[in-house]
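Source file: my_file.cif; contents: mmCIF, C-alpha atoms.
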data_protein
loop_
_atom_site.label_atom_id
_atom_site.label_comp_id
_atom_site.auth_asym_id
_atom_site.auth_seq_id
_atom_site.Cartn_x
_atom_site.Cartn_y
_atom_site.Cartn_z
CA ASP T 10 117.04 72.03 114.39
CA ALA T 11 119.98 72.29 112.00
CA GLY T 12 119.05 69.08 110.25
CA VAL T 13 121.26 66.05 109.76
CA ILE T 14 124.89 67.09 109.94
CA GLN T 15 127.63 65.14 108.23
CA SER T 16 131.35 65.64 108.31
CA PRO T 17 133.56 66.03 106.49
CA ARG T 18 131.84 67.27 103.30
CA HIS T 19 134.75 66.11 101.19
CA GLU T 20 137.44 63.54 101.89
CA VAL T 21 140.35 62.55 99.70
CA THR T 22 142.48 59.69 100.92
CA GLU T 23 144.99 57.23 99.63
CA MET T 24 144.20 53.60 99.06
CA GLY T 25 144.79 51.55 102.18
CA GLN T 26 144.08 54.36 104.61
CA GLU T 27 141.33 54.31 107.19
CA VAL T 28 138.41 56.66 106.58
CA THR T 29 135.83 57.71 109.16
CA LEU T 30 132.63 59.49 108.21
CA ARG T 31 130.53 61.16 110.87
CA CYS T 32 126.85 61.92 111.29
CA LYS T 33 124.72 63.80 113.78
CA PRO T 34 121.02 62.97 113.32
CA ILE T 35 118.11 65.26 114.07
CA SER T 36 117.39 65.34 117.78
CA GLY T 37 114.52 63.04 118.72
CA HIS T 38 114.78 60.84 115.65
CA ASP T 39 114.88 57.14 116.46
CA TYR T 40 116.22 55.86 113.14
CA LEU T 41 119.53 56.51 111.43
CA PHE T 42 120.52 55.33 107.97
CA TRP T 43 123.74 55.23 105.99
CA TYR T 44 123.45 55.29 102.18
CA ARG T 45 126.02 55.22 99.42
CA GLN T 46 125.41 56.90 96.07
CA THR T 47 127.36 56.12 92.89
CA MET T 48 126.64 56.65 89.22
CA MET T 49 126.73 52.93 88.54
CA ARG T 50 124.66 51.61 91.44
CA GLY T 51 122.51 54.57 92.40
CA LEU T 52 121.47 54.96 96.03
CA GLU T 53 122.16 51.93 98.20
CA LEU T 54 121.20 51.44 101.84
CA LEU T 55 124.24 50.21 103.75
CA ILE T 56 122.92 49.93 107.30
CA TYR T 57 120.31 51.37 109.59
CA PHE T 58 119.90 51.74 113.34
CA ASN T 59 116.87 51.98 115.60
CA ASN T 60 117.46 53.49 119.03
CA ASN T 61 121.22 53.11 118.48
CA VAL T 62 120.95 49.39 117.71
CA PRO T 63 121.90 48.11 114.23
CA ILE T 64 118.80 46.55 112.67
CA ASP T 65 119.85 45.66 109.15
CA ASP T 66 123.42 45.69 107.87
CA SER T 67 122.82 43.51 104.85
CA GLY T 68 123.84 46.34 102.55
CA MET T 69 127.32 46.70 103.99
CA PRO T 70 129.49 45.62 101.08
CA GLU T 71 132.40 43.99 102.90
CA ASP T 72 134.05 43.52 106.26
CA ARG T 73 136.13 46.60 105.50
CA PHE T 74 133.00 48.62 106.29
CA SER T 75 131.76 49.09 109.84
CA ALA T 76 129.25 51.43 111.45
CA LYS T 77 128.60 52.39 115.04
CA MET T 78 126.11 54.48 116.91
CA PRO T 79 127.42 54.95 120.46
CA ASN T 80 124.61 57.34 121.41
CA ALA T 81 121.47 58.92 120.01
CA SER T 82 123.29 61.94 118.61
CA PHE T 83 126.26 60.43 116.82
CA SER T 84 127.15 57.73 114.32
CA THR T 85 130.24 56.79 112.36
CA LEU T 86 130.86 54.83 109.19
CA LYS T 87 134.39 53.51 108.93
CA ILE T 88 136.20 52.01 105.96
CA GLN T 89 139.45 50.21 106.72
CA PRO T 90 141.36 49.77 104.49
CA SER T 91 139.87 52.02 101.82
CA GLU T 92 139.97 51.16 98.12
CA PRO T 93 139.40 53.27 94.98
CA ARG T 94 136.05 51.52 94.35
CA ASP T 95 134.79 52.95 97.64
CA SER T 96 134.77 56.40 96.04
CA ALA T 97 131.19 57.65 96.29
CA VAL T 98 128.94 60.09 98.08
CA TYR T 99 127.89 58.76 101.47
CA PHE T 100 124.65 60.04 102.95
CA CYS T 101 123.37 59.82 106.46
CA ALA T 102 119.63 60.17 107.08
CA SER T 103 117.39 60.08 110.12
CA SER T 104 113.68 59.62 110.70
CA GLN T 105 111.30 59.87 113.58
CA GLY T 106 109.55 56.51 113.47
CA GLY T 107 106.14 56.11 115.09
CA GLY T 108 104.46 55.76 111.71
CA SER T 109 106.30 58.61 110.02
CA THR T 110 108.58 57.31 107.32
CA GLU T 111 109.96 60.65 106.09
CA ALA T 112 113.73 60.46 106.05
CA PHE T 113 115.79 63.63 106.41
CA PHE T 114 119.11 63.52 104.63
CA GLY T 115 122.39 65.20 105.36
CA GLN T 116 124.34 66.91 102.60
CA GLY T 117 126.60 63.94 102.18
CA THR T 118 130.31 63.23 102.28
CA ARG T 119 132.04 62.95 98.92
CA LEU T 120 134.79 60.36 99.35
CA THR T 121 137.58 59.99 96.84
CA VAL T 122 140.09 57.19 97.29
CA VAL T 123 143.16 57.54 95.08
CA GLY I 16 111.95 41.14 96.42
CA ASN I 17 110.85 44.75 96.63
CA SER I 18 112.08 47.11 93.95
CA VAL I 19 111.37 50.39 92.19
CA THR I 20 111.90 51.12 88.51
CA GLN I 21 111.98 54.65 87.12
CA MET I 22 112.10 55.91 83.58
CA GLU I 23 115.63 56.39 82.46
CA GLY I 24 116.98 59.87 82.15
CA PRO I 25 118.19 62.32 81.57
CA VAL I 26 115.04 64.24 80.77
CA THR I 27 115.36 67.68 79.23
CA LEU I 28 112.39 70.01 78.85
CA SER I 29 111.70 73.65 78.13
CA GLU I 30 110.26 75.91 80.78
CA GLU I 31 106.45 75.63 81.16
CA ALA I 32 106.39 72.17 79.57
CA PHE I 33 104.40 69.30 81.07
CA LEU I 34 106.41 66.78 83.03
CA THR I 35 105.87 63.08 83.60
CA ILE I 36 108.42 60.80 85.25
CA ASN I 37 107.28 57.20 85.31
CA CYS I 38 107.70 54.96 88.34
CA THR I 39 106.58 51.39 88.85
CA TYR I 40 107.18 49.13 91.79
CA THR I 41 107.32 45.46 92.69
CA ALA I 42 106.36 44.59 96.24
CA THR I 43 104.90 41.82 98.33
CA GLY I 44 102.07 43.75 99.89
CA TYR I 45 100.99 47.38 99.86
CA PRO I 46 103.81 49.78 100.54
CA SER I 47 103.84 53.51 101.07
CA LEU I 48 105.23 55.37 98.07
CA PHE I 49 107.41 58.47 97.91
CA TRP I 50 109.09 60.92 95.60
CA TYR I 51 112.32 62.48 96.80
CA VAL I 52 114.22 65.27 95.04
CA GLN I 53 117.95 65.94 95.09
CA TYR I 54 119.21 69.37 94.10
CA PRO I 55 122.86 69.75 93.04
CA GLY I 56 125.25 69.27 95.92
CA GLU I 57 122.49 68.47 98.38
CA GLY I 58 120.97 65.48 100.09
CA LEU I 59 117.56 64.10 99.20
CA GLN I 60 114.38 65.87 100.33
CA LEU I 61 110.91 64.43 100.51
CA LEU I 62 108.75 65.91 97.74
CA LEU I 63 105.49 64.03 98.26
CA LYS I 64 104.10 60.71 99.45
CA ALA I 65 101.04 58.46 99.37
CA THR I 66 100.31 55.73 101.88
CA LYS I 67 97.45 53.78 100.31
CA ALA I 68 95.87 52.98 96.98
CA ASP I 69 94.23 55.90 95.12
CA ASP I 70 95.86 58.46 97.41
CA LYS I 71 97.28 61.48 95.64
CA GLY I 72 100.39 63.15 97.00
CA SER I 73 101.06 66.74 96.02
CA ASN I 74 103.57 69.48 96.74
CA LYS I 75 105.02 72.50 94.90
CA GLY I 76 102.83 71.82 91.87
CA PHE I 77 103.95 68.19 91.63
CA GLU I 78 101.45 65.34 91.91
CA ALA I 79 101.53 61.56 91.97
CA THR I 80 98.70 59.06 92.42
CA TYR I 81 99.13 55.62 93.99
CA ARG I 82 97.79 53.15 91.41
CA LYS I 83 97.56 49.64 92.83
CA GLU I 84 96.20 48.14 89.59
CA THR I 85 99.22 49.21 87.60
CA THR I 86 101.68 49.27 90.55
CA SER I 87 102.65 52.78 89.54
CA PHE I 88 103.31 56.18 91.10
CA HIS I 89 104.09 58.51 88.21
CA LEU I 90 105.23 62.05 88.99
CA GLU I 91 103.60 64.91 87.08
CA LYS I 92 103.77 68.67 86.93
CA GLY I 93 101.76 70.87 84.62
CA SER I 94 104.32 73.61 84.02
CA VAL I 95 107.94 73.14 84.99
CA GLN I 96 110.40 75.85 85.93
CA VAL I 97 114.16 76.10 85.64
CA SER I 98 114.33 75.72 89.42
CA ASP I 99 112.83 72.21 89.11
CA SER I 100 116.08 70.97 87.60
CA ALA I 101 117.22 68.17 89.91
CA VAL I 102 117.38 64.41 90.27
CA TYR I 103 114.09 62.76 91.24
CA PHE I 104 113.88 59.45 93.12
CA CYS I 105 110.86 57.22 93.51
CA ALA I 106 110.87 55.05 96.63
CA LEU I 107 108.77 52.63 98.66
CA ALA I 108 108.62 51.57 102.30
CA PHE I 109 106.49 49.13 104.20
CA GLY I 110 104.10 49.32 107.07
CA GLN I 111 103.51 51.65 109.95
CA GLY I 112 106.79 52.19 111.67
CA ALA I 113 108.70 50.54 108.84
CA GLN I 114 111.57 52.76 107.92
CA LYS I 115 113.56 50.99 105.27
CA LEU I 116 113.23 52.94 102.04
CA VAL I 117 113.92 51.24 98.71
CA PHE I 118 114.86 53.76 96.03
CA GLY I 119 114.69 53.72 92.27
CA GLN I 120 117.76 54.67 90.28
CA GLY I 121 116.84 58.34 89.96
CA THR I 122 115.90 60.48 86.95
CA ARG I 123 117.88 63.60 86.16
CA LEU I 124 115.65 66.46 85.00
CA THR I 125 116.99 69.57 83.27
CA ILE I 126 114.74 72.49 82.45
CA ASN I 127 115.95 75.00 79.88
CA PRO I 128 114.72 78.60 79.89
#
Can I see the file as structure tokens?
Amino acid sequence: DAGVIQSPRHEVTEMGQEVTLRCKPISGHDYLFWYRQTMMRGLELLIYFNNNVPIDDSGMPEDRFSAKMPNASFSTLKIQPSEPRDSAVYFCASSQGGGSTEAFFGQGTRLTVV
Amino acid sequence: GNSVTQMEGPVTLSEEAFLTINCTYTATGYPSLFWYVQYPGEGLQLLLKATKADDKGSNKGFEATYRKETTSFHLEKGSVQVSDSAVYFCALAFGQGAQKLVFGQGTRLTINP
């Protein structure tokens, strides 16, 4: 398996624009996570899914953020409208469940909002 | 609530030095504990884990022992290499099947030749 695949690797956008980040988890993994990493706040869990169903979205900072998982092999994190304080590295991770808690991370998307 | 506290970085050592990165946790119950490593430009990778008290996790010369009495999971390595330069994250998660990882703030380690 190629691992967790995120796209794009880098995104630069203007304030107010819509941004969509994409993630393909490892095949067979039941859990998918979206994290945000910044210097100030470290690594924060935004939302996670189990079998495509959102389980905990308490980390989503505002209504401008939304995440979907339409099927087992794809998820999106959308920011609309984007703001400069959303600039961060966004990681997607997946795990197998069934007692295994090891999370496999993608390489991240570095988002810059200007 | 559940939280993880790591020693503040950055940490800079010479090659072959002994490494300790402290990690303590606060949790209601007995979580599983983890160390993840993040190399430059990459996502996090699991380095080692321990699922119950007194367990020792080990990998690539790194070790950490789950200490319930002191609620700690300190990371150690006897002789570090330049290639160990990375950011190290301590984390916890609860219960069989529980998947929600809580991370510490990370400790940046730089090893000089």
- Expressed in Å to a single decimal, how great is the separation between atom CA of His19 of chain T and atom CA of Gln114 of chain I?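 We find that atom CA of His19 of chain T and atom CA of Gln114 of chain I lie 27.6 Å from each other.
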- Query: Near Phe113 of chain T, counting all atoms listed in the file, which residues have an atom at most 8 Å away, once you skip same-chain residues fewer than 6 positions from it, shown as a PyMOL selection string?
  - Reply: (chain T and resi 12-13+102-104) or (chain I and resi 59-61)
Store the residues of this selection in a file with C-alpha atoms, as a JSON list (two decimals), in the frame of the given file.
[["chain", "number", "residue", "atom", "x", "y", "z"],
["T", 12, "GLY", "CA", 119.05, 69.08, 110.25],
["T", 13, "VAL", "CA", 121.26, 66.05, 109.76],
["T", 102, "ALA", "CA", 119.63, 60.17, 107.08],
["T", 103, "SER", "CA", 117.39, 60.08, 110.12],
["T", 104, "SER", "CA", 113.68, 59.62, 110.70],
["I", 59, "LEU", "CA", 117.56, 64.10, 99.20],
["I", 60, "GLN", "CA", 114.38, 65.87, 100.33],
["I", 61, "LEU", "CA", 110.91, 64.43, 100.51]]
With a cut-off of 9 Å and counting only C-alpha atoms, select all residues of chain T in contact with chain I and give the selection as an mmCIF file with C-alpha atoms, in the frame of the given file.
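After the write, selection_10.cif holds the following:
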data_model
loop_
_atom_site.group_PDB
_atom_site.id
_atom_site.type_symbol
_atom_site.label_atom_id
_atom_site.label_comp_id
_atom_site.auth_asym_id
_atom_site.auth_seq_id
_atom_site.Cartn_x
_atom_site.Cartn_y
_atom_site.Cartn_z
ATOM 1 C CA TYR T 40 116.220 55.860 113.140
ATOM 2 C CA PHE T 42 120.520 55.330 107.970
ATOM 3 C CA ARG T 50 124.660 51.610 91.440
ATOM 4 C CA GLY T 51 122.510 54.570 92.400
ATOM 5 C CA LEU T 52 121.470 54.960 96.030
ATOM 6 C CA GLU T 53 122.160 51.930 98.200
ATOM 7 C CA LEU T 54 121.200 51.440 101.840
ATOM 8 C CA TYR T 57 120.310 51.370 109.590
ATOM 9 C CA PHE T 100 124.650 60.040 102.950
ATOM 10 C CA CYS T 101 123.370 59.820 106.460
ATOM 11 C CA ALA T 102 119.630 60.170 107.080
ATOM 12 C CA SER T 104 113.680 59.620 110.700
ATOM 13 C CA GLY T 106 109.550 56.510 113.470
ATOM 14 C CA GLY T 107 106.140 56.110 115.090
ATOM 15 C CA GLY T 108 104.460 55.760 111.710
ATOM 16 C CA SER T 109 106.300 58.610 110.020
ATOM 17 C CA THR T 110 108.580 57.310 107.320
ATOM 18 C CA GLU T 111 109.960 60.650 106.090
ATOM 19 C CA ALA T 112 113.730 60.460 106.050
ATOM 20 C CA PHE T 113 115.790 63.630 106.410
ATOM 21 C CA PHE T 114 119.110 63.520 104.630
ATOM 22 C CA GLY T 115 122.390 65.200 105.360
ATOM 23 C CA GLN T 116 124.340 66.910 102.600
ATOM 24 C CA GLY T 117 126.600 63.940 102.180
#
- Carefully work through the PyMOL selection byres ((chain T and resi 58-60) around 8) for this structure and note down the residues it includes, as number ranges by chain. T: 39-42, 56-57, 61-65, 78, 81
- Item | Protein/DNA/RNA residues near (142.8, 56.4, 96.8), cut 8 Å, all atoms listed in the file, as an NGL selection string | :T and (21-25 or 91-93 or 121-123)
- Item | Best match for closeness to Pro25 of chain I among I:Ala101, I:Ala106, I:Cys38, I:Trp50, counting only C-alpha atoms |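 Closest candidate: I:Ala101.
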- Using all atoms listed in the file, find the one residue out of I:Tyr45, I:Thr85, I:Leu90, I:Val97 that sits nearest to Ser73 of chain I.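 For Ser73 of chain I, the nearest of the given residues is I:Leu90.
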- Item | Atomic distance atom CA of Asp66 of chain T - atom CA of Ala65 of chain I, expressed in Å with one decimal |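 For atom CA of Asp66 of chain T relative to atom CA of Ala65 of chain I, the distance reads 27.1 Å.
Between atom CA of Thr47 of chain T and atom CA of Phe83 of chain T there is a distance of 24.3 Å.
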- Item | For Ser100 of chain I: contacts at 8 Å, all atoms listed in the file, fewer than 3 positions along chain excluded, given as a list in words | Tyr54, Gln96, Val97, Arg123, Leu124, Thr125 and Ile126 of chain I
Print the selection's residues with C-alpha atoms to a file, as a compact mmCIF listing (two decimals), keeping the file's coordinate frame.
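Now in selection.txt:
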# COMPACT_ATOMS: atom_id res chain seq x y z
CA TYR I 54 119.21 69.37 94.10
CA GLN I 96 110.40 75.85 85.93
CA VAL I 97 114.16 76.10 85.64
CA ARG I 123 117.88 63.60 86.16
CA LEU I 124 115.65 66.46 85.00
CA THR I 125 116.99 69.57 83.27
CA ILE I 126 114.74 72.49 82.45
- Could you tell me which residues the PyMOL selection byres ((chain I and resi 37) around 9) grabs in this file, written as a ChimeraX atom specification? /I:20-23,35-36,38-39,87-91,105
Here's the selection I'm unsure about, the PyMOL selection byres ((chain I and resi 67) around 10); applied to the file above, which residues does it give, as a PDB file with C-alpha atoms, in the frame of the given file?
ATOM      1  CA  TYR I  45     100.990  47.380  99.860  1.00  0.00           C
ATOM      2  CA  PRO I  46     103.810  49.780 100.540  1.00  0.00           C
ATOM      3  CA  SER I  47     103.840  53.510 101.070  1.00  0.00           C
ATOM      4  CA  LEU I  48     105.230  55.370  98.070  1.00  0.00           C
ATOM      5  CA  LYS I  64     104.100  60.710  99.450  1.00  0.00           C
ATOM      6  CA  ALA I  65     101.040  58.460  99.370  1.00  0.00           C
ATOM      7  CA  THR I  66     100.310  55.730 101.880  1.00  0.00           C
ATOM      8  CA  ALA I  68      95.870  52.980  96.980  1.00  0.00           C
ATOM      9  CA  ASP I  69      94.230  55.900  95.120  1.00  0.00           C
ATOM     10  CA  ASP I  70      95.860  58.460  97.410  1.00  0.00           C
ATOM     11  CA  LYS I  71      97.280  61.480  95.640  1.00  0.00           C
ATOM     12  CA  THR I  80      98.700  59.060  92.420  1.00  0.00           C
ATOM     13  CA  TYR I  81      99.130  55.620  93.990  1.00  0.00           C
ATOM     14  CA  ARG I  82      97.790  53.150  91.410  1.00  0.00           C
ATOM     15  CA  LYS I  83      97.560  49.640  92.830  1.00  0.00           C
TER      16      LYS I  83
END
- Item | Residue contacts of Cys32 of chain T (8 Å, all atoms listed in the file) excluding same-chain residues fewer than 2 positions away, as a PyMOL selection string | chain T and resi 13-16+30+34+83-85+101
Can you spit out the residues from that selection as a tab-separated table (two decimals), in the frame of the given file, using C-alpha atoms?
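And here is the file that came out, again_19.tsv:
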chain	number	residue	atom	x	y	z
T	13	VAL	CA	121.26	66.05	109.76
T	14	ILE	CA	124.89	67.09	109.94
T	15	GLN	CA	127.63	65.14	108.23
T	16	SER	CA	131.35	65.64	108.31
T	30	LEU	CA	132.63	59.49	108.21
T	34	PRO	CA	121.02	62.97	113.32
T	83	PHE	CA	126.26	60.43	116.82
T	84	SER	CA	127.15	57.73	114.32
T	85	THR	CA	130.24	56.79	112.36
T	101	CYS	CA	123.37	59.82	106.46
